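Structure file data.tsv (TSV, C-alpha atoms and all ligand atoms) follows.
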```tsv
chain	number	residue	atom	x	y	z
A	1	MET	CA	-64.77	222.87	174.90
A	2	LYS	CA	-68.41	222.70	176.01
A	3	ARG	CA	-70.31	219.49	175.34
A	4	ASP	CA	-73.97	219.82	174.22
A	5	ILE	CA	-76.37	216.86	174.09
A	6	LEU	CA	-79.25	217.89	171.84
A	7	SER	CA	-79.64	214.56	170.05
A	8	ILE	CA	-78.72	211.12	171.33
A	9	ILE	CA	-76.27	210.91	168.43
A	10	ASP	CA	-74.26	213.77	169.93
A	11	LEU	CA	-72.84	210.88	171.96
A	12	SER	CA	-70.74	208.17	170.36
A	13	PRO	CA	-71.89	204.57	170.91
A	14	ASP	CA	-68.93	204.15	173.29
A	15	ASP	CA	-69.91	207.28	175.25
A	16	ALA	CA	-73.50	206.04	175.57
A	17	GLY	CA	-72.39	202.58	176.72
A	18	GLN	CA	-69.97	204.11	179.25
A	19	LEU	CA	-72.66	206.45	180.63
A	20	ILE	CA	-74.90	203.47	181.26
A	21	GLU	CA	-72.13	201.59	183.09
A	22	GLN	CA	-71.23	204.73	185.06
A	23	ALA	CA	-74.87	205.21	186.05
A	24	LEU	CA	-74.97	201.63	187.36
A	25	VAL	CA	-71.97	202.40	189.60
A	26	MET	CA	-73.60	205.63	190.78
A	27	LYS	CA	-76.88	203.83	191.48
A	28	GLN	CA	-74.98	201.49	193.80
A	29	GLY	CA	-73.79	204.51	195.77
A	30	GLY	CA	-70.42	205.04	194.11
A	31	MET	CA	-68.88	208.41	193.12
A	32	ARG	CA	-70.55	211.01	195.32
A	33	CYS	CA	-70.19	214.79	195.32
A	34	LEU	CA	-68.70	215.27	191.90
A	35	LEU	CA	-70.01	218.74	191.17
A	36	PRO	CA	-69.21	221.04	194.11
A	37	ARG	CA	-70.06	224.65	193.28
A	38	ARG	CA	-71.37	223.76	189.81
A	39	SER	CA	-74.77	225.24	188.96
A	40	VAL	CA	-77.41	224.04	186.51
A	41	ALA	CA	-80.44	225.93	185.16
A	42	LEU	CA	-83.57	224.00	184.19
A	43	LEU	CA	-85.26	226.07	181.49
A	44	PHE	CA	-88.67	224.54	180.73
A	45	GLU	CA	-91.32	225.56	178.19
A	46	LYS	CA	-93.50	222.51	178.96
A	47	PRO	CA	-94.73	220.75	182.11
A	48	SER	CA	-92.68	217.97	183.75
A	49	LEU	CA	-92.61	215.71	186.79
A	50	ARG	CA	-89.83	213.17	186.21
A	51	THR	CA	-87.37	215.32	184.27
A	52	ARG	CA	-87.56	218.31	186.56
A	53	VAL	CA	-87.39	216.38	189.82
A	54	SER	CA	-84.73	213.90	188.68
A	55	PHE	CA	-82.44	216.67	187.39
A	56	GLU	CA	-82.89	218.75	190.57
A	57	ILE	CA	-82.13	215.77	192.78
A	58	ALA	CA	-79.25	214.65	190.55
A	59	VAL	CA	-77.51	218.01	190.83
A	60	THR	CA	-78.17	218.17	194.59
A	61	GLN	CA	-76.81	214.65	195.17
A	62	LEU	CA	-73.68	215.57	193.19
A	63	GLY	CA	-73.11	218.58	195.44
A	64	GLY	CA	-74.14	221.25	192.92
A	65	TYR	CA	-76.89	223.87	192.82
A	66	CYS	CA	-79.92	223.63	190.54
A	67	LEU	CA	-82.58	226.21	189.76
A	68	TYR	CA	-85.85	225.76	187.88
A	69	LEU	CA	-87.02	228.49	185.51
A	70	SER	CA	-90.66	228.23	184.53
A	71	PRO	CA	-92.08	229.30	181.16
A	72	GLN	CA	-93.93	232.18	182.83
A	73	GLU	CA	-90.78	233.57	184.42
A	74	VAL	CA	-88.49	233.49	181.40
A	75	GLY	CA	-90.82	233.87	178.42
A	76	LEU	CA	-88.25	232.23	176.15
A	77	GLY	CA	-88.43	234.02	172.77
A	78	GLN	CA	-91.31	236.17	174.02
A	79	ARG	CA	-90.12	238.30	176.92
A	80	GLU	CA	-86.68	238.28	175.29
A	81	PRO	CA	-84.92	236.55	172.39
A	82	VAL	CA	-83.55	233.02	172.86
A	83	PRO	CA	-79.89	234.02	172.17
A	84	ASP	CA	-80.08	236.71	174.85
A	85	VAL	CA	-81.41	234.21	177.39
A	86	ALA	CA	-78.59	231.81	176.48
A	87	ARG	CA	-75.89	234.44	176.83
A	88	VAL	CA	-77.22	235.78	180.13
A	89	LEU	CA	-77.60	232.31	181.68
A	90	SER	CA	-74.06	231.45	180.54
A	91	ARG	CA	-72.78	234.19	182.86
A	92	TYR	CA	-74.42	232.53	185.89
A	93	VAL	CA	-74.56	228.77	185.45
A	94	ASP	CA	-72.38	225.92	184.19
A	95	CYS	CA	-75.07	224.05	182.26
A	96	ILE	CA	-78.52	224.69	180.76
A	97	VAL	CA	-81.02	221.82	180.74
A	98	ALA	CA	-83.86	222.85	178.42
A	99	ARG	CA	-87.30	221.43	177.59
A	100	VAL	CA	-88.71	223.15	174.51
A	101	TYR	CA	-91.50	222.91	171.96
A	102	SER	CA	-89.29	223.32	168.89
A	103	HIS	CA	-85.94	221.57	168.57
A	104	GLU	CA	-84.77	224.69	166.72
A	105	THR	CA	-84.98	226.61	170.02
A	106	LEU	CA	-82.45	224.17	171.50
A	107	ALA	CA	-80.16	224.64	168.52
A	108	VAL	CA	-80.26	228.42	169.00
A	109	LEU	CA	-79.70	228.08	172.76
A	110	ALA	CA	-76.70	225.82	172.18
A	111	GLU	CA	-75.25	228.09	169.51
A	112	SER	CA	-75.51	231.17	171.71
A	113	ALA	CA	-74.61	229.69	175.10
A	114	SER	CA	-70.99	229.37	176.17
A	115	VAL	CA	-72.03	226.59	178.58
A	116	ALA	CA	-73.28	223.08	177.79
A	117	VAL	CA	-76.92	222.61	176.78
A	118	ILE	CA	-78.77	219.34	177.46
A	119	ASN	CA	-82.04	218.42	175.73
A	120	ALA	CA	-84.67	217.66	178.37
A	121	LEU	CA	-87.23	216.90	175.60
A	122	SER	CA	-88.00	218.66	172.34
A	123	ASP	CA	-90.46	217.85	169.57
A	124	LEU	CA	-87.70	215.73	167.97
A	125	GLU	CA	-85.90	213.90	170.77
A	126	HIS	CA	-85.74	212.87	174.41
A	127	PRO	CA	-82.16	211.62	174.78
A	128	CYS	CA	-82.03	211.48	178.61
A	129	GLN	CA	-85.14	209.30	178.60
A	130	ALA	CA	-83.64	206.91	176.04
A	131	LEU	CA	-80.43	206.56	178.08
A	132	ALA	CA	-82.43	205.86	181.27
A	133	ASP	CA	-84.46	203.27	179.37
A	134	PHE	CA	-81.41	201.42	178.06
A	135	LEU	CA	-79.97	201.52	181.58
A	136	THR	CA	-83.20	199.83	182.72
A	137	ILE	CA	-82.88	197.16	180.01
A	138	ARG	CA	-79.19	196.63	180.82
A	139	GLU	CA	-80.06	196.14	184.50
A	140	ARG	CA	-82.86	193.67	183.81
A	141	LYS	CA	-81.22	191.68	181.02
A	142	GLY	CA	-77.59	191.93	182.14
A	143	THR	CA	-76.63	193.00	178.61
A	144	LEU	CA	-77.92	195.03	175.67
A	145	LYS	CA	-76.46	193.00	172.82
A	146	GLY	CA	-79.01	190.74	171.23
A	147	VAL	CA	-82.00	192.28	173.06
A	148	ARG	CA	-85.14	192.67	170.93
A	149	MET	CA	-87.16	195.81	171.60
A	150	ALA	CA	-90.60	196.58	170.15
A	151	TYR	CA	-92.12	200.05	170.22
A	152	VAL	CA	-95.85	200.31	169.55
A	153	GLY	CA	-97.42	203.72	168.99
A	154	ASP	CA	-96.61	207.21	167.78
A	155	GLY	CA	-93.35	207.74	165.87
A	156	ASN	CA	-92.52	210.65	168.18
A	157	ASN	CA	-89.61	212.23	170.05
A	158	VAL	CA	-89.24	209.28	172.44
A	159	ALA	CA	-89.42	206.74	169.60
A	160	ARG	CA	-86.78	208.65	167.62
A	161	SER	CA	-84.23	208.73	170.45
A	162	LEU	CA	-84.93	205.06	171.30
A	163	SER	CA	-84.49	203.92	167.69
A	164	LEU	CA	-81.19	205.79	167.33
A	165	LEU	CA	-79.84	204.55	170.66
A	166	ALA	CA	-80.91	201.00	169.83
A	167	GLY	CA	-78.94	201.30	166.59
A	168	MET	CA	-75.92	202.67	168.47
A	169	LEU	CA	-75.95	199.93	171.12
A	170	GLY	CA	-76.76	196.90	168.96
A	171	VAL	CA	-80.33	196.35	170.16
A	172	ASP	CA	-82.85	195.03	167.59
A	173	PHE	CA	-85.64	197.60	167.27
A	174	ALA	CA	-89.06	197.12	165.66
A	175	ILE	CA	-91.55	199.98	165.59
A	176	ALA	CA	-95.26	199.69	164.75
A	177	SER	CA	-97.18	202.92	164.09
A	178	PRO	CA	-100.28	203.75	162.07
A	179	ARG	CA	-99.73	205.15	158.60
A	180	GLY	CA	-99.12	208.90	158.82
A	181	TYR	CA	-97.71	208.62	162.37
A	182	GLN	CA	-94.53	206.71	161.62
A	183	LEU	CA	-91.00	207.83	162.35
A	184	ASP	CA	-89.67	209.97	159.50
A	185	GLU	CA	-87.65	208.13	156.88
A	186	ALA	CA	-84.43	210.05	157.53
A	187	SER	CA	-84.43	209.04	161.22
A	188	VAL	CA	-85.17	205.42	160.33
A	189	ALA	CA	-82.34	205.39	157.78
A	190	LYS	CA	-79.96	206.90	160.36
A	191	ALA	CA	-80.97	204.31	162.97
A	192	GLN	CA	-80.55	201.52	160.39
A	193	ARG	CA	-77.05	202.72	159.47
A	194	LEU	CA	-76.04	202.77	163.14
A	195	ALA	CA	-77.60	199.34	163.66
A	196	ALA	CA	-75.75	197.87	160.66
A	197	THR	CA	-72.46	198.95	162.25
A	198	ALA	CA	-73.44	197.58	165.67
A	199	GLY	CA	-74.79	194.31	164.21
A	200	SER	CA	-78.52	194.82	164.90
A	201	THR	CA	-81.63	195.73	162.89
A	202	VAL	CA	-84.29	198.47	162.82
A	203	MET	CA	-87.64	197.44	161.34
A	204	VAL	CA	-90.74	199.58	160.63
A	205	THR	CA	-94.26	198.17	160.32
A	206	GLU	CA	-97.92	199.14	160.65
A	207	ASP	CA	-98.69	195.87	162.45
A	208	PRO	CA	-98.24	195.83	166.26
A	209	VAL	CA	-98.30	192.00	166.37
A	210	SER	CA	-95.39	191.60	163.96
A	211	ALA	CA	-93.36	194.23	165.86
A	212	VAL	CA	-93.99	192.52	169.21
A	213	ALA	CA	-93.44	188.91	168.01
A	214	GLY	CA	-90.72	187.37	170.21
A	215	ALA	CA	-89.74	190.76	171.74
A	216	ASP	CA	-87.85	191.00	175.06
A	217	VAL	CA	-89.14	194.52	175.71
A	218	VAL	CA	-92.38	196.19	174.61
A	219	TYR	CA	-92.47	199.99	174.86
A	220	THR	CA	-95.20	202.55	174.28
A	221	ASP	CA	-95.74	206.28	174.81
A	222	THR	CA	-98.69	208.65	174.76
A	223	TRP	CA	-100.62	208.96	171.50
A	224	THR	CA	-100.77	212.75	171.96
A	225	SER	CA	-97.55	214.50	172.93
A	226	MET	CA	-97.31	217.87	174.66
A	227	GLY	CA	-98.18	220.55	172.11
A	228	GLN	CA	-100.54	218.25	170.13
A	229	GLU	CA	-103.51	218.51	172.51
A	230	SER	CA	-105.87	219.77	169.77
A	231	GLU	CA	-105.33	216.46	167.90
A	232	ALA	CA	-106.16	214.24	170.90
A	233	ALA	CA	-109.61	213.07	169.77
A	234	ALA	CA	-108.47	212.28	166.21
A	235	ARG	CA	-105.42	210.46	167.52
A	236	ARG	CA	-107.50	208.33	169.92
A	237	GLU	CA	-109.36	206.99	166.87
A	238	VAL	CA	-106.29	206.42	164.69
A	239	PHE	CA	-104.37	204.64	167.46
A	240	ALA	CA	-107.28	202.60	168.87
A	241	THR	CA	-105.83	199.28	167.60
A	242	PHE	CA	-102.34	200.14	168.88
A	243	GLN	CA	-103.10	199.74	172.61
A	244	VAL	CA	-100.51	197.67	174.46
A	245	ASN	CA	-102.46	195.13	176.54
A	246	ASP	CA	-102.21	191.50	177.66
A	247	ALA	CA	-103.48	190.24	174.28
A	248	LEU	CA	-100.67	192.03	172.44
A	249	MET	CA	-98.05	191.07	175.04
A	250	ALA	CA	-98.98	187.40	174.52
A	251	HIS	CA	-97.12	187.57	171.17
A	252	ALA	CA	-93.87	188.66	172.87
A	253	GLY	CA	-91.08	186.48	174.30
A	254	ALA	CA	-91.56	184.53	177.54
A	255	ASP	CA	-89.56	186.96	179.74
A	256	VAL	CA	-90.87	190.16	178.14
A	257	PHE	CA	-91.24	193.32	180.20
A	258	PHE	CA	-93.25	196.46	179.53
A	259	MET	CA	-91.85	200.00	179.32
A	260	HIS	CA	-93.36	203.49	179.15
A	261	CYS	CA	-91.61	206.83	179.67
A	262	MET	CA	-94.72	208.23	181.45
A	263	PRO	CA	-96.95	210.18	181.87
A	264	ALA	CA	-99.22	207.25	180.92
A	265	HIS	CA	-102.83	207.46	179.83
A	266	HIS	CA	-104.51	204.47	181.45
A	267	GLY	CA	-106.90	202.74	179.08
A	268	GLU	CA	-105.46	204.49	176.01
A	269	GLU	CA	-101.97	203.46	174.90
A	270	VAL	CA	-101.74	200.93	177.80
A	271	THR	CA	-104.11	199.17	180.16
A	272	THR	CA	-103.90	199.88	183.89
A	273	GLU	CA	-103.41	196.13	184.52
A	274	LEU	CA	-100.28	196.01	182.38
A	275	LEU	CA	-98.87	199.31	183.64
A	276	ASN	CA	-99.23	198.20	187.27
A	277	GLY	CA	-98.60	194.51	186.64
A	278	PRO	CA	-95.57	192.31	187.38
A	279	THR	CA	-93.97	192.79	183.94
A	280	SER	CA	-93.98	196.58	184.17
A	281	ALA	CA	-90.61	198.40	184.40
A	282	VAL	CA	-92.06	201.90	184.33
A	283	PHE	CA	-91.08	202.97	187.85
A	284	ASP	CA	-87.55	201.63	187.37
A	285	GLN	CA	-87.37	203.75	184.23
A	286	ALA	CA	-88.51	206.81	186.18
A	287	GLU	CA	-85.92	206.15	188.92
A	288	ASN	CA	-83.18	205.57	186.37
A	289	ARG	CA	-83.63	209.10	185.00
A	290	LEU	CA	-81.91	210.21	188.23
A	291	HIS	CA	-78.95	207.84	187.91
A	292	ILE	CA	-78.27	208.36	184.21
A	293	GLN	CA	-78.54	212.14	184.52
A	294	LYS	CA	-75.95	212.09	187.32
A	295	ALA	CA	-73.63	210.25	184.95
A	296	ILE	CA	-74.41	212.70	182.12
A	297	LEU	CA	-73.79	215.77	184.30
A	298	ALA	CA	-70.56	214.33	185.63
A	299	LYS	CA	-69.37	213.63	182.09
A	300	ILE	CA	-70.25	217.07	180.80
A	301	LEU	CA	-69.23	219.21	183.76
A	302	ILE	CA	-66.06	217.56	184.97
A	303	PRO	CA	-63.15	218.32	182.64
A	304	ALA	CA	-61.32	215.21	181.43
A	305	ASP	CA	-57.74	214.90	182.81
A	401	LIG	N1	-90.76	210.96	181.02
A	401	LIG	C1	-90.71	212.29	181.25
A	401	LIG	O1	-89.91	213.02	180.66
A	401	LIG	O2	-91.60	212.74	182.18
A	401	LIG	P1	-91.91	214.26	182.53
A	401	LIG	O3	-92.60	214.86	181.33
A	401	LIG	O4	-92.78	214.22	183.74
A	401	LIG	O5	-90.61	214.98	182.78
A	402	LIG	N1	-93.92	212.06	173.76
A	402	LIG	C1	-94.24	212.67	175.03
A	402	LIG	C2	-93.21	212.33	176.04
A	402	LIG	C3	-93.44	212.89	177.41
A	402	LIG	C4	-92.33	212.58	178.38
A	402	LIG	C5	-94.35	214.18	174.85
A	402	LIG	O1	-93.54	214.77	174.13
A	402	LIG	O2	-95.27	214.77	175.43
```
What's the structure tokens form of this structure?
Amino acid sequence: MKRDILSIIDLSPDDAGQLIEQALVMKQGGMRCLLPRRSVALLFEKPSLRTRVSFEIAVTQLGGYCLYLSPQEVGLGQREPVPDVARVLSRYVDCIVARVYSHETLAVLAESASVAVINALSDLEHPCQALADFLTIRERKGTLKGVRMAYVGDGNNVARSLSLLAGMLGVDFAIASPRGYQLDEASVAKAQRLAATAGSTVMVTEDPVSAVAGADVVYTDTWTSMGQESEAAARREVFATFQVNDALMAHAGADVFFMHCMPAHHGEEVTTELLNGPTSAVFDQAENRLHIQKAILAKILIPAD
């Protein structure tokens, strides 16, 4: 049976933990050439640097073939209906990696495709990013249990996947967002239920300082996600006091490090000094997209014995 990953919770906590361990092995050079003759289509409605390049290189390093399909070429839902695209691609490739505006488009793709569909970012989630980020934390801290993560900024797709994965893996998660830009209550409740099972907590606040207090990791993302460009000026005002900078980081734990999925907006959600400074893990995060996606592809495309 095909295995879609549209939300991070399409994985069990055990699956997620194993993917992270597998990615660590792969990063050290283990397990090469796992996907000979497998092909993967990257179907993107939005721009990308990290996701596109890391998936292309991941498939190539695993011995498979990857092709990128731009929005202009495919016209998903415009040149032809989404189910038709899914059914046609299923006749050519073994996996569809899709970046879409609406999560509903992913659901339709997955329903209509006979091959696995992986979410490469939707308005709701960014599961591959969250897995790469927890791989980065696992590498730096040696463990995930007991780690305290603070997210400061928009309650967006990245925040949602991080909160859910934190709950799954027993990481304490505190999120500070301005009123009106917080994670939706249903996602918070889901993350809290997962956390209760794993023995951690998920806390929501409007105060960046209380989220960051004693944190091991401080994370932020853009204030204006792709598709929200018309709101950029209004958002810059609302989020002005949510910048992650040295003053805010001073409230965190002694060994804190800074994370951002990138692209970063220097001088908005983060200062250039912090982004480029010694506590920044952002380029490790970017690299780890490659390693975790190799583990994901291997899991999805190699049938279990
Ligand atoms: N972090 C991330 O997904 O980056 P891209 O938008 O460049 O793929
Ligand atoms: N929240 C951002 C993440 C980019 C990788 C966006 O959706 O644009």
Work out how far apart CA of Leu121 (chain A) and CA of Asp284 (chain A) are and give it in Å to one decimal.
-> 19.3 Å
Residues near region 9-21 of chain A, cut-off 7 Å, only C-alpha atoms, skip fewer than 6 positions along chain, as JSON, numbers by chain | {"A": [135, 168, 169, 292, 295, 296]}
List all protein, DNA and RNA residues that have an atom no more than 6 Å from any atom of ligand LIG 402 (chain A), counting all atoms listed in the file, and report them as a PyMOL selection string.
-> chain A and resi 156-158+222+225-226+261-262
CA of Cys66 (chain A) to CA of His260 (chain A), distance in Å rounded to a single decimal | 26.8 Å
Calculate how many Å separate CA of Ala211 (chain A) from CA of Glu229 (chain A), rounding to one decimal.
->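 Rounded to one decimal, the two atoms are 27.1 Å apart.
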Which chains and residue numbers are within 10 Å of ligand LIG 401 (chain A), counting only C-alpha atoms and all ligand atoms, if I want them as a PyMOL selection string?
-> chain A and resi 44+46-55+99+120-121+126-130+132+158+221+225-226+260-264+282+285-286+289
Tell me which protein, DNA and RNA residues are within 8 Å of Val202 (chain A), counting all atoms listed in the file, leaving out same-chain ones fewer than 6 positions away, and put them as JSON, numbers by chain.
-> {"A": [163, 167, 172, 173, 174, 175, 188, 191, 192, 195]}
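Closest approach to His266 (chain A) from the set A:Thr279, A:Gln61, A:Ser90, A:Asn245 is made by A:Asn245, with distances taken over all atoms listed in the file.
Using all atoms listed in the file for every distance, the candidate list A:Ile57, A:Leu24, A:Val152, A:Ala233 yields A:Leu24 as the residue closest to Phe134 (chain A).
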One residue among A:Val212, A:Val244, A:Leu124, A:Ile137 is nearest to Gly155 (chain A) when using only C-alpha atoms, and that residue is A:Leu124
Measuring atom to atom with only C-alpha atoms, identify which of A:Cys33, A:Ala23, A:Val88, A:Ala116 is nearest to Leu6 (chain A).
->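 That would be A:Ala116, the residue with the smallest distance to Leu6 (chain A).
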Using all atoms of region 28-34 of chain A that appear in the file, construct an axis-aligned enclosing box with 5 Å of padding on every side and provide its centre coordinates and edge lengths in Å, rounded to one decimal, as lines of an AutoDock Vina configuration file.
```
center_x = -71.8
center_y = 208.4
center_z = 193.8
size_x = 16.3
size_y = 23.8
size_z = 13.9
```
Leu67 (chain A) environment, 7 Å, all atoms listed in the file, sequence neighbours closer than 4 positions dropped, as a ChimeraX atom specification | /A:40-42
Please write as a list of chain:residue names the list of polymer residues whose atoms come within 7 Å of (-94.4, 197.0, 179.5), counting all atoms listed in the file and keeping to the coordinates of the file.
-> A:Val217, A:Val218, A:Tyr219, A:Phe257, A:Phe258, A:Met259, A:His260, A:Leu274, A:Leu275, A:Thr279, A:Ser280, A:Ala281
Take the residues that were just selected and, keeping C-alpha atoms, output them as a PDB file, keeping the file's coordinate frame.
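Saved result, part-v3.pdb, follows:
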```pdb
ATOM      1  CA  VAL A 217     -89.140 194.520 175.710  1.00  0.00           C
ATOM      2  CA  VAL A 218     -92.380 196.190 174.610  1.00  0.00           C
ATOM      3  CA  TYR A 219     -92.470 199.990 174.860  1.00  0.00           C
ATOM      4  CA  PHE A 257     -91.240 193.320 180.200  1.00  0.00           C
ATOM      5  CA  PHE A 258     -93.250 196.460 179.530  1.00  0.00           C
ATOM      6  CA  MET A 259     -91.850 200.000 179.320  1.00  0.00           C
ATOM      7  CA  HIS A 260     -93.360 203.490 179.150  1.00  0.00           C
ATOM      8  CA  LEU A 274    -100.280 196.010 182.380  1.00  0.00           C
ATOM      9  CA  LEU A 275     -98.870 199.310 183.640  1.00  0.00           C
ATOM     10  CA  THR A 279     -93.970 192.790 183.940  1.00  0.00           C
ATOM     11  CA  SER A 280     -93.980 196.580 184.170  1.00  0.00           C
ATOM     12  CA  ALA A 281     -90.610 198.400 184.400  1.00  0.00           C
TER      13      ALA A 281
END
```
Selection: 12 Å around Val238 (chain A), only C-alpha atoms, excl. self and same-chain fewer than 6 positions, as number ranges by chain = A: 153-154, 177-181, 206, 223-224, 231-232, 268-269
Of the listed residues A:Cys95, A:Ala176, A:Ala166, A:Ala213, that which approaches Arg193 (chain A) most closely, counting all atoms listed in the file |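 Smallest distance to Arg193 (chain A) is found for A:Ala166.
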When distances are computed from all atoms listed in the file, which of A:Val270, A:Val59, A:Ile8, A:Val171 shows the smallest separation from Leu248 (chain A)?
->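 Distance minimum relative to Leu248 (chain A) lands on A:Val270.
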Supply region 169-180 of chain A as a tab-separated table (two decimals), in the frame of the given file, with N, CA, C and O atoms built in where the input has gaps.
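Output below, filename rebuild_18.tsv:
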```
chain	number	residue	atom	x	y	z
A	169	LEU	N	-76.36	200.91	170.10
A	169	LEU	CA	-75.95	199.93	171.12
A	169	LEU	C	-76.21	198.48	170.71
A	169	LEU	O	-76.06	197.57	171.51
A	170	GLY	N	-76.61	198.27	169.45
A	170	GLY	CA	-76.76	196.90	168.96
A	170	GLY	C	-78.00	196.18	169.46
A	170	GLY	O	-78.01	194.95	169.59
A	171	VAL	N	-79.05	196.94	169.75
A	171	VAL	CA	-80.33	196.35	170.16
A	171	VAL	C	-81.24	196.27	168.93
A	171	VAL	O	-81.35	197.25	168.17
A	172	ASP	N	-81.88	195.14	168.70
A	172	ASP	CA	-82.85	195.03	167.59
A	172	ASP	C	-84.08	195.85	167.93
A	172	ASP	O	-84.63	195.72	169.04
A	173	PHE	N	-84.54	196.67	167.00
A	173	PHE	CA	-85.64	197.60	167.27
A	173	PHE	C	-86.69	197.44	166.19
A	173	PHE	O	-86.40	197.55	165.00
A	174	ALA	N	-87.94	197.18	166.61
A	174	ALA	CA	-89.06	197.12	165.66
A	174	ALA	C	-90.09	198.14	166.12
A	174	ALA	O	-90.44	198.18	167.31
A	175	ILE	N	-90.58	198.94	165.20
A	175	ILE	CA	-91.55	199.98	165.59
A	175	ILE	C	-92.82	199.84	164.75
A	175	ILE	O	-92.75	199.77	163.51
A	176	ALA	N	-93.97	199.78	165.43
A	176	ALA	CA	-95.26	199.69	164.75
A	176	ALA	C	-96.05	200.97	165.04
A	176	ALA	O	-96.33	201.29	166.19
A	177	SER	N	-96.39	201.69	163.97
A	177	SER	CA	-97.18	202.92	164.09
A	177	SER	C	-98.19	202.92	162.97
A	177	SER	O	-97.96	202.34	161.90
A	178	PRO	N	-99.32	203.63	163.17
A	178	PRO	CA	-100.28	203.75	162.07
A	178	PRO	C	-99.69	204.60	160.94
A	178	PRO	O	-98.83	205.45	161.21
A	179	ARG	N	-100.18	204.35	159.74
A	179	ARG	CA	-99.73	205.15	158.60
A	179	ARG	C	-99.97	206.64	158.90
A	179	ARG	O	-101.00	207.00	159.43
A	180	GLY	N	-99.00	207.46	158.56
A	180	GLY	CA	-99.12	208.90	158.82
A	180	GLY	C	-98.55	209.31	160.17
A	180	GLY	O	-98.40	210.50	160.46
```
